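Next comes protein.txt, a file with compact mmCIF, C-alpha atoms and all ligand atoms.
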```txt
# COMPACT_ATOMS: atom_id res chain seq x y z
CA MET A 205 -95.78 -3.31 -32.89
CA LYS A 206 -93.64 -0.17 -32.63
CA VAL A 207 -93.15 1.41 -36.08
CA VAL A 208 -90.90 4.40 -36.82
CA LEU A 209 -91.92 6.53 -39.84
CA ALA A 210 -89.60 8.84 -41.81
CA GLY A 211 -91.22 11.25 -44.28
CA ALA A 212 -94.28 10.96 -42.04
CA SER A 213 -95.68 14.42 -42.83
CA GLY A 214 -96.37 13.55 -46.48
CA LEU A 215 -99.44 12.25 -48.33
CA ILE A 216 -98.69 8.57 -47.72
CA GLY A 217 -96.97 8.98 -44.33
CA SER A 218 -99.81 10.86 -42.68
CA ALA A 219 -102.37 8.32 -43.94
CA LEU A 220 -100.15 5.41 -42.88
CA ALA A 221 -99.73 6.79 -39.36
CA GLY A 222 -103.54 6.81 -39.01
CA GLU A 223 -103.90 3.31 -40.49
CA LEU A 224 -101.27 1.83 -38.15
CA ARG A 225 -102.58 3.56 -35.03
CA THR A 226 -106.14 2.45 -35.77
CA ALA A 227 -104.82 -1.12 -36.00
CA GLY A 228 -103.25 -0.77 -32.55
CA HIS A 229 -99.61 -0.19 -33.51
CA GLU A 230 -97.41 2.41 -31.82
CA VAL A 231 -96.10 5.03 -34.30
CA LEU A 232 -93.10 7.32 -33.83
CA ARG A 233 -92.31 9.97 -36.43
CA LEU A 234 -88.82 11.13 -37.37
CA VAL A 235 -88.80 14.91 -37.99
CA ARG A 236 -86.11 17.04 -39.65
CA ARG A 237 -86.80 19.94 -37.25
CA ALA A 238 -86.80 20.09 -33.45
CA PRO A 239 -89.35 17.54 -32.11
CA ARG A 240 -92.48 19.19 -30.68
CA GLU A 241 -94.82 16.28 -29.96
CA PRO A 242 -94.37 13.24 -27.70
CA ASP A 243 -94.41 10.90 -30.72
CA GLU A 244 -91.67 12.83 -32.58
CA ARG A 245 -87.91 12.16 -32.64
CA GLY A 246 -85.30 14.28 -34.43
CA TRP A 247 -82.95 13.34 -37.23
CA ASP A 248 -80.81 15.02 -39.86
CA PRO A 249 -80.38 12.82 -42.96
CA PRO A 250 -77.65 14.87 -44.74
CA ALA A 251 -75.60 14.84 -41.53
CA GLY A 252 -76.27 11.11 -41.01
CA ARG A 253 -77.70 11.75 -37.53
CA ILE A 254 -80.68 10.16 -35.72
CA ASP A 255 -81.49 11.15 -32.12
CA ASP A 256 -80.12 8.67 -29.59
CA GLY A 257 -82.75 6.09 -28.72
CA ALA A 258 -85.11 7.18 -31.52
CA LEU A 259 -85.29 3.65 -32.94
CA ALA A 260 -85.05 1.80 -29.63
CA GLY A 261 -87.50 -1.10 -29.45
CA ALA A 262 -88.80 -0.54 -33.00
CA GLN A 263 -89.95 -3.62 -34.90
CA ALA A 264 -90.16 -1.74 -38.21
CA VAL A 265 -88.85 1.41 -39.88
CA VAL A 266 -90.77 2.87 -42.83
CA ASN A 267 -88.96 5.37 -45.06
CA LEU A 268 -91.14 7.62 -47.23
CA CYS A 269 -88.69 10.52 -47.69
CA GLY A 270 -88.19 12.41 -50.91
CA ALA A 271 -88.68 15.84 -52.45
CA PRO A 272 -91.74 15.77 -54.77
CA ILE A 273 -91.02 14.41 -58.27
CA ALA A 274 -93.68 16.71 -59.76
CA GLY A 275 -92.60 19.71 -57.67
CA GLY A 276 -91.04 21.74 -60.50
CA ARG A 277 -88.99 21.63 -63.71
CA TRP A 278 -86.33 18.95 -63.75
CA SER A 279 -83.35 21.32 -63.85
CA HIS A 280 -79.93 19.91 -63.01
CA ALA A 281 -80.23 21.25 -59.45
CA ARG A 282 -83.73 19.81 -59.03
CA ARG A 283 -82.67 16.37 -60.28
CA GLN A 284 -79.87 16.47 -57.70
CA LEU A 285 -82.41 17.31 -54.97
CA LEU A 286 -84.69 14.44 -56.08
CA VAL A 287 -81.74 12.06 -55.80
CA ASN A 288 -80.18 13.34 -52.55
CA SER A 289 -83.50 13.62 -50.70
CA ARG A 290 -84.05 9.89 -51.31
CA LEU A 291 -80.58 8.36 -51.16
CA GLU A 292 -79.32 10.13 -48.02
CA PRO A 293 -82.30 9.21 -45.78
CA THR A 294 -82.31 5.64 -47.12
CA GLU A 295 -78.60 5.14 -46.44
CA VAL A 296 -78.91 6.56 -42.92
CA LEU A 297 -81.91 4.34 -42.09
CA ALA A 298 -80.52 1.18 -43.72
CA THR A 299 -77.36 1.58 -41.64
CA ALA A 300 -79.34 2.24 -38.46
CA VAL A 301 -81.66 -0.78 -38.80
CA ALA A 302 -78.65 -3.00 -39.56
CA GLU A 303 -76.71 -1.75 -36.53
CA GLN A 304 -79.67 -1.81 -34.16
CA ASP A 305 -81.05 -5.24 -35.18
CA ILE A 306 -84.42 -3.89 -36.28
CA PRO A 307 -86.09 -6.72 -38.21
CA LEU A 308 -87.89 -4.74 -40.96
CA LEU A 309 -87.22 -1.81 -43.30
CA VAL A 310 -90.05 -0.76 -45.65
CA ASN A 311 -88.59 1.67 -48.17
CA ALA A 312 -90.33 3.75 -50.82
CA SER A 313 -89.48 3.32 -54.49
CA ALA A 314 -91.66 3.91 -57.53
CA ALA A 315 -93.15 2.50 -60.73
CA GLY A 316 -90.54 4.66 -62.51
CA TYR A 317 -88.11 1.79 -61.83
CA TYR A 318 -89.50 0.04 -64.90
CA GLY A 319 -88.94 2.88 -67.39
CA ASP A 320 -91.11 2.68 -70.51
CA LYS A 321 -92.72 -0.75 -70.95
CA GLY A 322 -95.42 0.12 -73.51
CA ASP A 323 -98.35 -2.34 -73.40
CA GLN A 324 -96.40 -5.10 -71.63
CA VAL A 325 -97.87 -6.23 -68.29
CA VAL A 326 -95.30 -5.34 -65.62
CA GLU A 327 -94.81 -7.70 -62.66
CA GLU A 328 -92.06 -7.38 -60.05
CA THR A 329 -89.82 -9.67 -62.11
CA ALA A 330 -89.74 -7.23 -65.07
CA PRO A 331 -86.32 -5.74 -65.75
CA ARG A 332 -85.41 -2.19 -64.80
CA GLY A 333 -85.95 0.36 -67.54
CA ALA A 334 -83.87 3.29 -68.76
CA GLY A 335 -83.97 6.98 -67.89
CA PHE A 336 -83.44 9.35 -64.99
CA LEU A 337 -86.30 7.95 -62.87
CA ALA A 338 -85.31 4.33 -63.47
CA ASP A 339 -81.72 5.13 -62.47
CA LEU A 340 -82.96 7.04 -59.44
CA CYS A 341 -85.11 4.07 -58.34
CA ARG A 342 -82.20 1.66 -58.92
CA ASP A 343 -79.92 3.74 -56.66
CA TRP A 344 -82.73 4.30 -54.12
CA GLU A 345 -83.36 0.56 -53.83
CA ALA A 346 -79.62 -0.20 -53.77
CA ALA A 347 -79.23 2.19 -50.83
CA THR A 348 -81.13 -0.37 -48.69
CA GLN A 349 -78.44 -3.00 -49.36
CA ARG A 350 -76.67 -2.58 -46.03
CA ALA A 351 -79.88 -3.63 -44.27
CA THR A 352 -80.39 -6.63 -46.56
CA ASP A 353 -76.78 -7.72 -45.97
CA ALA A 354 -77.40 -7.61 -42.22
CA GLY A 355 -80.37 -9.99 -42.55
CA VAL A 356 -83.07 -7.32 -42.16
CA ARG A 357 -86.33 -8.01 -44.02
CA VAL A 358 -86.37 -5.22 -46.62
CA VAL A 359 -89.53 -4.39 -48.61
CA ARG A 360 -89.14 -2.03 -51.57
CA LEU A 361 -92.43 -0.40 -52.52
CA ARG A 362 -92.74 0.25 -56.26
CA THR A 363 -95.72 2.54 -55.99
CA GLY A 364 -97.92 3.94 -58.76
CA HIS A 365 -99.82 7.24 -58.61
CA VAL A 366 -101.41 7.47 -55.17
CA LEU A 367 -104.90 8.98 -55.46
CA ALA A 368 -106.16 10.89 -52.43
CA ARG A 369 -108.76 13.52 -51.67
CA ARG A 370 -106.05 16.16 -51.18
CA GLY A 371 -102.55 16.47 -52.66
CA GLY A 372 -100.77 14.23 -55.15
CA LEU A 373 -102.03 13.83 -58.70
CA VAL A 374 -105.69 14.45 -57.82
CA GLY A 375 -104.70 17.72 -56.10
CA MET A 376 -102.91 18.82 -59.27
CA LEU A 377 -105.63 17.80 -61.72
CA LYS A 378 -108.71 18.99 -59.82
CA PRO A 379 -108.31 22.75 -60.46
CA LEU A 380 -107.46 22.12 -64.13
CA PHE A 381 -110.54 19.96 -64.72
CA PHE A 382 -112.65 22.42 -62.73
CA LEU A 383 -111.65 25.08 -65.27
CA ALA A 384 -112.38 22.61 -68.11
CA LEU A 385 -108.62 22.49 -68.84
CA GLY A 386 -108.29 18.75 -68.20
CA ALA A 387 -106.48 17.02 -71.05
CA LYS A 388 -104.84 13.75 -71.90
CA LEU A 389 -101.05 13.80 -72.12
CA GLY A 390 -99.39 13.14 -75.48
CA ASN A 391 -101.17 10.38 -77.42
CA GLY A 392 -102.73 9.11 -74.15
CA ARG A 393 -101.80 5.48 -74.90
CA GLN A 394 -99.32 5.24 -72.00
CA TYR A 395 -100.42 3.12 -69.02
CA MET A 396 -100.63 4.76 -65.60
CA PRO A 397 -100.44 2.57 -62.51
CA TRP A 398 -102.62 4.05 -59.76
CA ILE A 399 -103.91 3.20 -56.28
CA HIS A 400 -106.42 4.66 -53.84
CA VAL A 401 -104.55 6.00 -50.78
CA GLU A 402 -106.64 3.74 -48.52
CA ASP A 403 -105.38 0.69 -50.42
CA GLN A 404 -101.83 2.08 -50.44
CA VAL A 405 -101.66 2.26 -46.65
CA ALA A 406 -103.67 -0.96 -46.14
CA ALA A 407 -101.15 -2.73 -48.41
CA MET A 408 -98.27 -1.25 -46.42
CA ARG A 409 -99.82 -2.45 -43.17
CA HIS A 410 -100.30 -5.90 -44.73
CA LEU A 411 -96.61 -5.97 -45.69
CA ILE A 412 -95.53 -4.86 -42.21
CA GLU A 413 -97.67 -7.47 -40.46
CA ASN A 414 -96.99 -10.33 -42.91
CA ASP A 415 -93.39 -11.28 -42.30
CA THR A 416 -93.05 -13.64 -45.25
CA VAL A 417 -92.76 -10.87 -47.86
CA SER A 418 -89.49 -9.18 -48.80
CA GLY A 419 -87.98 -7.53 -51.86
CA ALA A 420 -89.76 -5.51 -54.54
CA VAL A 421 -93.53 -5.13 -54.29
CA ASN A 422 -95.68 -3.38 -56.90
CA VAL A 423 -98.15 -1.22 -54.99
CA CYS A 424 -100.95 -0.35 -57.39
CA SER A 425 -104.49 -1.33 -58.26
CA PRO A 426 -104.94 -4.55 -60.25
CA ASN A 427 -106.43 -2.40 -63.04
CA PRO A 428 -103.87 -0.06 -64.62
CA VAL A 429 -105.44 2.23 -67.24
CA THR A 430 -104.14 4.27 -70.13
CA ASN A 431 -103.81 8.01 -69.73
CA THR A 432 -106.79 8.40 -72.10
CA GLU A 433 -108.94 6.20 -69.81
CA PHE A 434 -107.66 7.95 -66.69
CA THR A 435 -108.42 11.39 -68.13
CA ALA A 436 -111.90 10.33 -69.24
CA ALA A 437 -112.72 8.84 -65.81
CA PHE A 438 -111.53 12.00 -64.05
CA GLY A 439 -113.63 14.12 -66.40
CA ARG A 440 -116.72 11.95 -65.75
CA ALA A 441 -116.29 12.26 -61.98
CA MET A 442 -115.83 16.05 -62.23
CA HIS A 443 -118.65 16.39 -64.81
CA ARG A 444 -116.07 18.09 -67.05
CA PRO A 445 -115.41 16.26 -70.32
CA ALA A 446 -111.75 16.55 -71.36
CA PRO A 447 -111.52 16.41 -75.15
CA LEU A 448 -108.16 18.28 -75.27
CA PHE A 449 -104.65 16.85 -75.31
CA VAL A 450 -101.29 18.36 -74.45
CA PRO A 451 -98.75 17.60 -77.19
CA ALA A 452 -95.67 15.65 -76.05
CA PRO A 453 -93.14 18.40 -76.99
CA VAL A 454 -95.03 20.91 -74.82
CA ILE A 455 -94.91 18.52 -71.85
CA LYS A 456 -91.21 17.80 -72.31
CA LEU A 457 -90.34 21.50 -72.58
CA GLY A 458 -92.57 22.59 -69.70
CA ALA A 459 -91.35 19.93 -67.28
CA GLY A 460 -87.67 20.10 -68.24
CA ASP A 461 -88.10 16.41 -69.11
CA SER A 462 -86.27 16.26 -72.43
CA ASP A 463 -86.64 12.46 -72.71
CA GLY A 464 -90.40 12.57 -72.12
CA GLU A 465 -90.27 10.29 -69.07
CA ILE A 466 -93.57 11.73 -67.84
CA LEU A 467 -95.11 9.92 -70.82
CA TYR A 468 -93.49 6.55 -70.06
CA SER A 469 -95.89 3.62 -69.83
CA GLN A 470 -96.06 1.14 -66.95
CA ARG A 471 -98.88 -1.41 -67.13
CA MET A 472 -97.93 -2.45 -63.60
CA VAL A 473 -99.85 -5.12 -61.66
CA PRO A 474 -99.61 -6.08 -57.95
CA THR A 475 -98.55 -9.71 -58.35
CA VAL A 476 -96.72 -10.05 -55.01
CA LEU A 477 -99.53 -8.41 -53.04
CA ALA A 478 -102.12 -10.70 -54.67
CA ALA A 479 -99.98 -13.79 -54.04
CA ASN A 480 -99.76 -12.82 -50.37
CA GLY A 481 -103.47 -12.47 -49.81
CA PHE A 482 -103.95 -8.71 -50.08
CA THR A 483 -107.36 -7.62 -51.41
CA HIS A 484 -107.98 -4.10 -52.70
CA ARG A 485 -110.99 -2.21 -51.37
CA HIS A 486 -110.91 0.16 -54.37
CA PRO A 487 -110.00 -1.78 -57.53
CA SER A 488 -112.20 0.39 -59.79
CA LEU A 489 -111.00 3.79 -60.98
CA ASP A 490 -114.53 5.18 -61.43
CA GLU A 491 -115.44 4.19 -57.86
CA THR A 492 -112.12 5.63 -56.59
CA PHE A 493 -112.75 9.00 -58.23
CA ALA A 494 -116.36 8.95 -57.04
CA SER A 495 -115.14 8.41 -53.46
CA LEU A 496 -112.42 11.08 -53.67
CA LEU A 497 -114.03 13.83 -55.73
CA THR A 498 -117.48 14.10 -54.19
N1 LIG A 501 -97.61 9.82 -53.89
C1 LIG A 501 -97.32 9.11 -54.97
O1 LIG A 501 -98.10 9.07 -55.94
C2 LIG A 501 -96.04 8.31 -55.02
C3 LIG A 501 -95.84 7.42 -56.09
C4 LIG A 501 -94.66 6.68 -56.15
C5 LIG A 501 -93.69 6.85 -55.18
N2 LIG A 501 -93.89 7.73 -54.17
C6 LIG A 501 -92.81 7.94 -53.21
O2 LIG A 501 -93.25 7.62 -51.90
C7 LIG A 501 -92.67 8.54 -50.97
C8 LIG A 501 -93.79 9.20 -50.18
O3 LIG A 501 -94.69 9.80 -51.10
P1 LIG A 501 -95.67 10.99 -50.66
O4 LIG A 501 -96.64 11.15 -51.75
O5 LIG A 501 -96.13 10.78 -49.28
O6 LIG A 501 -94.65 12.19 -50.74
P2 LIG A 501 -94.79 13.64 -50.08
O7 LIG A 501 -96.19 13.94 -49.70
O8 LIG A 501 -94.08 14.59 -50.99
O9 LIG A 501 -93.96 13.46 -48.73
C9 LIG A 501 -92.61 13.10 -48.76
C10 LIG A 501 -91.98 13.43 -47.44
O10 LIG A 501 -90.57 13.38 -47.61
C11 LIG A 501 -89.97 14.30 -46.73
N3 LIG A 501 -89.11 15.18 -47.53
C12 LIG A 501 -89.45 16.19 -48.36
N4 LIG A 501 -88.37 16.80 -48.84
C13 LIG A 501 -87.31 16.15 -48.30
C14 LIG A 501 -85.92 16.32 -48.38
N5 LIG A 501 -85.38 17.28 -49.15
N6 LIG A 501 -85.11 15.48 -47.68
C15 LIG A 501 -85.64 14.50 -46.90
N7 LIG A 501 -86.96 14.31 -46.76
C16 LIG A 501 -87.78 15.12 -47.46
C17 LIG A 501 -91.07 15.12 -46.06
O11 LIG A 501 -91.32 14.55 -44.78
P3 LIG A 501 -90.81 15.20 -43.41
O12 LIG A 501 -90.91 16.68 -43.57
O13 LIG A 501 -91.77 14.63 -42.40
O14 LIG A 501 -89.40 14.75 -43.22
C18 LIG A 501 -92.27 14.85 -46.95
O15 LIG A 501 -93.47 14.94 -46.24
C19 LIG A 501 -91.83 9.53 -51.76
O16 LIG A 501 -90.49 9.12 -51.73
C20 LIG A 501 -92.39 9.41 -53.17
O17 LIG A 501 -91.44 9.67 -54.19
C21 LIG A 501 -95.05 8.46 -54.06
```

What do you get writing this file as structure tokens?
Ligand SMILES: NC(=O)c1ccc[n+]([C@@H]2O[C@H](COP(=O)([O-])OP(=O)(O)OC[C@H]3O[C@@H](n4cnc5c(N)ncnc54)[C@H](OP(=O)(O)O)[C@@H]3O)[C@@H](O)[C@H]2O)c1
Amino acid sequence: MKVVLAGASGLIGSALAGELRTAGHEVLRLVRRAPREPDERGWDPPAGRIDDGALAGAQAVVNLCGAPIAGGRWSHARRQLLVNSRLEPTEVLATAVAEQDIPLLVNASAAGYYGDKGDQVVEETAPRGAGFLADLCRDWEAATQRATDAGVRVVRLRTGHVLARRGGLVGMLKPLFFLALGAKLGNGRQYMPWIHVEDQVAAMRHLIENDTVSGAVNVCSPNPVTNTEFTAAFGRAMHRPAPLFVPAPVIKLGAGDSDGEILYSQRMVPTVLAANGFTHRHPSLDETFASLLT
């Protein structure tokens, strides 16, 4: 199958390209600069432009674009960047797949859709929550509507924290724990959905190849943990106990996150993936950290 990836240079995109190619699929990458490699095609999301023929013959488009959520304080300008860098690419691609009769659009979204759900188990049927991230995810998912209206199979990936050897949350925490500065956040009771990057991209391949699934899909391990459990497991794997905690007001002030959304709780479970026969290779957090941190 020919699959076109947008946001392909990122943590998930680069792993997905490898996963799909290993499985025998052809992968083309959309790049926001001049193409340099034979598998690259140019596009300019703010200008609404995709190179002529870039999507020709594609059976799927996967959109993973977005400036990093944890890439700096959430100033007004940064919030605008987080929104625009997701909505513009999604609108451009949803329009293109609709116009060019491409049968599948797999579009990133996030666990943040659900807002703060406390201890409640969160399946795909749970209602949207409140807050900047929930509103962002609502608009991000709504930006795929043109494709849905045209009869395209649209999969919206509500992803938890993707854990990889380099980058993402592990990349941020590793130096802190190394310096024995690892700490739980706030009271640590908030649930954190997480997934090993190998399961993330295996699940995406499963969703691409299994044409019965559409709509929202929680992409996370079946075992969400609290921040206290997550911090303890990371400390065990790094041989650095983490008895400290960062008080909530310090987090809110430091991140420019006045509502404390970083501390929101999503006890998210992958109900749709399980119902469609996907099995995780890394359901255990201790085993995941052992595989990524050694
Ligand atoms: N990693 C996670 O834990 C996680 C969790 C939930 C949701 N997600 C979402 O899943 C998507 C992929 O995640 P990731 O971890 O792979 O992210 P990432 O490593 O930050 O990569 C995102 C990609 O988006 C593109 N991008 C960056 N800034 C952009 C901008 N201003 N306008 C348009 N495109 C831009 C870049 O690709 P190019 O330079 O190739 O265009 C970048 O490599 C993101 O939308 C992210 O929010 C990730």

*Quick one: residues within 6 Å of ligand LIG 501 (chain A), with all atoms listed in the file, as JSON, numbers by chain?*
{"A": [211, 212, 213, 214, 215, 216, 217, 235, 236, 268, 269, 270, 271, 272, 289, 312, 313, 314, 363, 364, 365, 366, 372]}

Q. Of the residues A:Leu389, A:Leu259, A:Val374, A:Val287, which is the one nearest to Lys456 of chain A, using all atoms listed in the file?
A.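 Distance minimum relative to Lys456 of chain A lands on A:Leu389.
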
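Atom pair atom CA of Ala420 of chain A / atom CA of Val359 of chain A: separated by 6.0 Å.
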
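Between atom CA of Ile412 of chain A and atom CA of Gly275 of chain A the separation is 29.2 Å.
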
field: A:Leu209, A:Val405, A:Ala494, A:Ala368 ranked by distance to Leu309 of chain A, top pick (using all atoms listed in the file)
entry: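 When distances to Leu309 of chain A are compared using all atoms listed in the file, the smallest one comes from A:Leu209.
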
Give me the residues near segment 320-326 of chain A as a VMD selection string, where near means some atom within 6 Å (using all atoms listed in the file) and where sequence neighbours in that chain fewer than 3 positions away do not count. chain A and resid 330 468 to 472

Can you check which parts of segment 218-305 of chain A lie within 12 Å of segment 406-411 of chain A? Per residue, the shortest pair of atoms and distance in Å to one decimal, counting only C-alpha atoms, sorted by chain and number, as CSV.
```
residue,atom,partner,partner_atom,distance
A:Ala219,CA,A:Ala406,CA,9.6
A:Leu220,CA,A:Met408,CA,7.8
A:Ala221,CA,A:Arg409,CA,10.0
A:Gly222,CA,A:Ala406,CA,10.5
A:Glu223,CA,A:Ala406,CA,7.1
A:Leu224,CA,A:Arg409,CA,6.8
A:Arg225,CA,A:Arg409,CA,10.5
A:Thr226,CA,A:Arg409,CA,10.9
A:Ala227,CA,A:Arg409,CA,8.8
A:Gly228,CA,A:Arg409,CA,11.3
A:His229,CA,A:Arg409,CA,9.9
A:Ala264,CA,A:Leu411,CA,10.7
A:Val265,CA,A:Met408,CA,11.8
A:Val266,CA,A:Met408,CA,9.3
A:Asn267,CA,A:Met408,CA,11.5
A:Leu268,CA,A:Met408,CA,11.4
```

So that I have them on file, write out the residues from the current selection with C-alpha atoms, as a short mmCIF file (atom, residue, chain, number, x, y, z; two decimals), in the frame of the given file.
```
data_model
loop_
_atom_site.label_atom_id
_atom_site.label_comp_id
_atom_site.auth_asym_id
_atom_site.auth_seq_id
_atom_site.Cartn_x
_atom_site.Cartn_y
_atom_site.Cartn_z
CA ALA A 219 -102.37 8.32 -43.94
CA LEU A 220 -100.15 5.41 -42.88
CA ALA A 221 -99.73 6.79 -39.36
CA GLY A 222 -103.54 6.81 -39.01
CA GLU A 223 -103.90 3.31 -40.49
CA LEU A 224 -101.27 1.83 -38.15
CA ARG A 225 -102.58 3.56 -35.03
CA THR A 226 -106.14 2.45 -35.77
CA ALA A 227 -104.82 -1.12 -36.00
CA GLY A 228 -103.25 -0.77 -32.55
CA HIS A 229 -99.61 -0.19 -33.51
CA ALA A 264 -90.16 -1.74 -38.21
CA VAL A 265 -88.85 1.41 -39.88
CA VAL A 266 -90.77 2.87 -42.83
CA ASN A 267 -88.96 5.37 -45.06
CA LEU A 268 -91.14 7.62 -47.23
#
```

Counting all atoms listed in the file, the residue among A:Asp490, A:Glu413, A:Glu465, A:Asp305 that lies closest to Tyr317 of chain A is A:Glu465

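Distances here use all atoms listed in the file; by that measure, the residue among A:Gly335, A:Gly386, A:Leu373, A:Val421 closest to Pro445 of chain A is A:Gly386.
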
Among listed residues A:Val296, A:Ala238, A:Leu285, A:Cys341, nearest Ile254 of chain A (using all atoms listed in the file)
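Closest to Ile254 of chain A, using all atoms listed in the file: A:Val296.
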
Min atom-atom distance to Arg342 of chain A from the set A:Leu457, A:Leu383, A:Val356, A:Leu291, counting all atoms listed in the file, belongs to A:Leu291

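If you count only C-alpha atoms and ignore residues fewer than 3 places along the chain from Phe382 of chain A, what sits within 8 Å of it is Lys378, Pro379, Leu385, Gly386, Met442 and Arg444 of chain A.
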
Once you have the residues from the selection above, write them out as a PDB file, in the coordinates of the input, restricted to C-alpha atoms.
```pdb
ATOM      1  CA  LYS A 378    -108.710  18.990 -59.820  1.00  0.00           C
ATOM      2  CA  PRO A 379    -108.310  22.750 -60.460  1.00  0.00           C
ATOM      3  CA  LEU A 385    -108.620  22.490 -68.840  1.00  0.00           C
ATOM      4  CA  GLY A 386    -108.290  18.750 -68.200  1.00  0.00           C
ATOM      5  CA  MET A 442    -115.830  16.050 -62.230  1.00  0.00           C
ATOM      6  CA  ARG A 444    -116.070  18.090 -67.050  1.00  0.00           C
TER       7      ARG A 444
END
```

Contact check, segment 328-400 of chain A to segment 477-487 of chain A, at most 10 Å, counting all atoms listed in the file, closest pairs as a Markdown table:
```
| residue | atom | partner | partner_atom | distance |
| --- | --- | --- | --- | --- |
| A:Trp398 | CA | A:Pro487 | CA | 9.7 |
| A:Ile399 | CA | A:His486 | CA | 7.9 |
| A:His400 | CA | A:His486 | CA | 6.4 |
```

Atom CA of Glu491 of chain A to atom CA of Thr432 of chain A measures 17.2 Å

* Using only C-alpha atoms, can you list as a ChimeraX atom specification the residues within 12 Å of (-84.1, 1.0, -28.4)? -> /A:206-208,255-264,300-301,303-306

Note to self: Need the shell around Ala452 of chain A: protein/DNA/RNA residues with any atom at most 8 Å away, counting only C-alpha atoms. Skip same-chain ones fewer than 5 positions apart. Format as a count of residues only?
What the structure shows: 5
